[in-house]
Amino acid sequence: MPLALFWFFAIVMLVGGIAVVSLRNPVASALSMVASFVGLAGLFIGLNAFFVGIIQILVYAGAIMVLFIFIIMLLDLKTEEKRAPKLAPVLGGLGIVLAFTIQLIGVLSKTPDKAHEPLDLVAASAAFTERSPGISTKLKEGHLPDVNLIGDTLFNGYNLPLQIIGVLLLVSTIGVVVLSKRQAV
Amino acid sequence: MASLHDYLLVSGLLFAIGLAGVVLRRNIIVMYMCLELMLSAANLTLVAFSRFNGKNGLPDYDGQMLVFFVITVAAAEVAVGLAIIVALYRARQTIHTDDLNSMRG
């Protein structure tokens with residue numbers, strides 16, 4: 001990804017994040033969070049992680065933020081906006097950001113950097129000639145079959161975690177139904 | 001081309017913004033959104049390392065697998081957390097953390 005495009009998406013993401021924290025209206029916060037996630041998805045796609053970038057938009061910007069906005073609509077939050085922010089938490093938050101940024105720059109200046117090297121797809125295709133000819137031919141043609149490779153890793157290398165995550169989703173679905181049922185008082 | 005340090009700097013800044021939001025906002029829903037921002041910043045770090053530490057000319061897909069699982073767990077967590085917030089609002093008619101002080105010693 002060209003450097004200008006990287007900084008464009010990074011600034012969209014960071015400005016969205018700052019808007020989430022600083023805007024007083026929760027709906028405005030939720031919408032700027034969508035902008036932040038779109039910028040983040042752009043960065044993912046620039047890192048050749050196409051599947052993760054699309055999932056970021058579909059799951060986060062599509063599903064999770066709609067859930068947030070739905071809950072904001074369900075609860076009447078008009079009165080929450082009028083409170084003045086307290087000085088101590090604001091100073092604490094800014095202090096945390098400052099300390100964290102200084103530490104981050106300190107750590108990054110001491111560690112070796114890595115340049116963005118292009119992927120060597122033709123060399124990678126040799127490893128897949130026997131196991132998956134479809135992936136191998138796509139790699140030889142110079143395309144990155146990102147979804148195929150992730151599916152291969154997910155079902156061959158991470159089969160047990162995948163099934164455990166399925167159980168987790170089932171448990172959370174049941175939990176949400178139990179929690180949102182109106183209790184008989 | 002952006003280097004690894006650029007990605008790590010940007011994701012660290014996003015994490016710091018999320019952390020500051022959790023500290024200084026008093027609305028539980030906005031605090032929750034800031035938690036999601038922090039999770040996403042961690043995801044960006046994982047994807048950047050997976051791309052820059054490639055194996056055999058491909059990105060290291062183990063890192064992207066972890067991102068996949070983090071996104072799934074975050075979706076489940078948001079669903080349960082928002083259900084808890086709705087239950088809390090029904091019980092106390094507020095989601096402002098300054099008003100939720102019944103466990104203060």
# chains A, B, ... in the order shown; residues from 1 in each chain; ligands from 1
$ interface_residues --of "chain B" --to "chain A" --cutoff "8 Å" --atoms "only C-alpha atoms" --output "JSON, numbers by chain"
{"B": [1, 2, 3, 4, 5, 9, 10, 12, 13, 14, 16, 17, 18, 19, 20, 21, 23, 24, 25, 27, 29, 30, 33, 34, 37, 44, 47, 48, 51, 52, 56, 57, 58, 59, 61, 62, 64, 65, 67, 68, 69, 71, 72, 73, 75, 76, 77, 78, 79, 80, 82, 83, 84, 86, 87, 89, 96]}
$ write_last_selection --atoms "C-alpha atoms" --output "PDB file, in the first residue's frame"
ATOM      1  CA  MET B   1       5.619   1.675   1.764  1.00  0.00           C
ATOM      2  CA  ALA B   2       4.733   1.834   5.445  1.00  0.00           C
ATOM      3  CA  SER B   3       7.082  -0.065   7.721  1.00  0.00           C
ATOM      4  CA  LEU B   4       6.259  -2.254  10.715  1.00  0.00           C
ATOM      5  CA  HIS B   5       6.921   0.608  13.116  1.00  0.00           C
ATOM      6  CA  LEU B   9       2.672   3.258  16.299  1.00  0.00           C
ATOM      7  CA  VAL B  10      -0.799   3.712  14.826  1.00  0.00           C
ATOM      8  CA  GLY B  12      -0.611   1.814  19.905  1.00  0.00           C
ATOM      9  CA  LEU B  13      -2.181   5.250  19.526  1.00  0.00           C
ATOM     10  CA  LEU B  14      -5.599   3.669  18.889  1.00  0.00           C
ATOM     11  CA  ALA B  16      -4.234   4.632  24.055  1.00  0.00           C
ATOM     12  CA  ILE B  17      -7.323   6.476  22.766  1.00  0.00           C
ATOM     13  CA  GLY B  18      -9.518   3.532  23.777  1.00  0.00           C
ATOM     14  CA  LEU B  19      -7.912   3.328  27.211  1.00  0.00           C
ATOM     15  CA  ALA B  20      -8.373   7.064  27.753  1.00  0.00           C
ATOM     16  CA  GLY B  21     -12.029   6.676  26.752  1.00  0.00           C
ATOM     17  CA  VAL B  23     -11.003   6.133  32.012  1.00  0.00           C
ATOM     18  CA  LEU B  24     -12.672   9.464  31.261  1.00  0.00           C
ATOM     19  CA  ARG B  25     -16.134   8.635  29.929  1.00  0.00           C
ATOM     20  CA  ASN B  27     -21.464   6.423  30.064  1.00  0.00           C
ATOM     21  CA  ILE B  29     -22.194   2.218  26.459  1.00  0.00           C
ATOM     22  CA  VAL B  30     -19.421   4.593  25.348  1.00  0.00           C
ATOM     23  CA  MET B  33     -17.264   1.092  22.562  1.00  0.00           C
ATOM     24  CA  CYS B  34     -13.830   2.174  23.780  1.00  0.00           C
ATOM     25  CA  LEU B  37     -11.467   0.128  20.051  1.00  0.00           C
ATOM     26  CA  LEU B  44      -4.118  -4.421  13.968  1.00  0.00           C
ATOM     27  CA  VAL B  47      -2.221  -8.552  11.449  1.00  0.00           C
ATOM     28  CA  ALA B  48       0.843  -6.303  11.062  1.00  0.00           C
ATOM     29  CA  ARG B  51       2.275  -9.706   7.402  1.00  0.00           C
ATOM     30  CA  PHE B  52       5.801  -8.604   8.281  1.00  0.00           C
ATOM     31  CA  ASN B  56       7.653 -19.060   2.786  1.00  0.00           C
ATOM     32  CA  GLY B  57       6.595 -15.889   0.993  1.00  0.00           C
ATOM     33  CA  LEU B  58       3.091 -15.856   2.532  1.00  0.00           C
ATOM     34  CA  PRO B  59       1.804 -13.960   5.590  1.00  0.00           C
ATOM     35  CA  TYR B  61      -1.769 -17.070   8.938  1.00  0.00           C
ATOM     36  CA  ASP B  62      -1.556 -18.080  12.614  1.00  0.00           C
ATOM     37  CA  GLN B  64      -4.847 -13.863  11.340  1.00  0.00           C
ATOM     38  CA  MET B  65      -6.445 -16.933  12.938  1.00  0.00           C
ATOM     39  CA  VAL B  67      -7.701 -12.116  14.908  1.00  0.00           C
ATOM     40  CA  PHE B  68     -10.589 -14.246  13.646  1.00  0.00           C
ATOM     41  CA  PHE B  69     -11.104 -15.752  17.103  1.00  0.00           C
ATOM     42  CA  ILE B  71     -13.479 -10.906  16.526  1.00  0.00           C
ATOM     43  CA  THR B  72     -15.777 -13.866  17.264  1.00  0.00           C
ATOM     44  CA  VAL B  73     -15.277 -13.596  21.023  1.00  0.00           C
ATOM     45  CA  ALA B  75     -19.100 -10.305  19.047  1.00  0.00           C
ATOM     46  CA  ALA B  76     -20.278 -12.740  21.737  1.00  0.00           C
ATOM     47  CA  GLU B  77     -19.005 -10.398  24.449  1.00  0.00           C
ATOM     48  CA  VAL B  78     -20.839  -7.399  23.011  1.00  0.00           C
ATOM     49  CA  ALA B  79     -24.109  -9.342  22.849  1.00  0.00           C
ATOM     50  CA  VAL B  80     -23.852 -10.479  26.481  1.00  0.00           C
ATOM     51  CA  LEU B  82     -25.347  -5.135  26.069  1.00  0.00           C
ATOM     52  CA  ALA B  83     -27.909  -7.545  27.521  1.00  0.00           C
ATOM     53  CA  ILE B  84     -26.378  -6.905  30.952  1.00  0.00           C
ATOM     54  CA  VAL B  86     -30.262  -3.420  29.393  1.00  0.00           C
ATOM     55  CA  ALA B  87     -30.924  -5.455  32.551  1.00  0.00           C
ATOM     56  CA  TYR B  89     -31.040  -0.027  33.044  1.00  0.00           C
ATOM     57  CA  HIS B  96     -24.126   6.548  34.244  1.00  0.00           C
TER      58      HIS B  96
END
$ select_by_dssp --residues "chain B" --states "helix (DSSP H, G or I)" --output "MDAnalysis selection string"
chainID B and resid 4:24 28:52 61:92 97:99
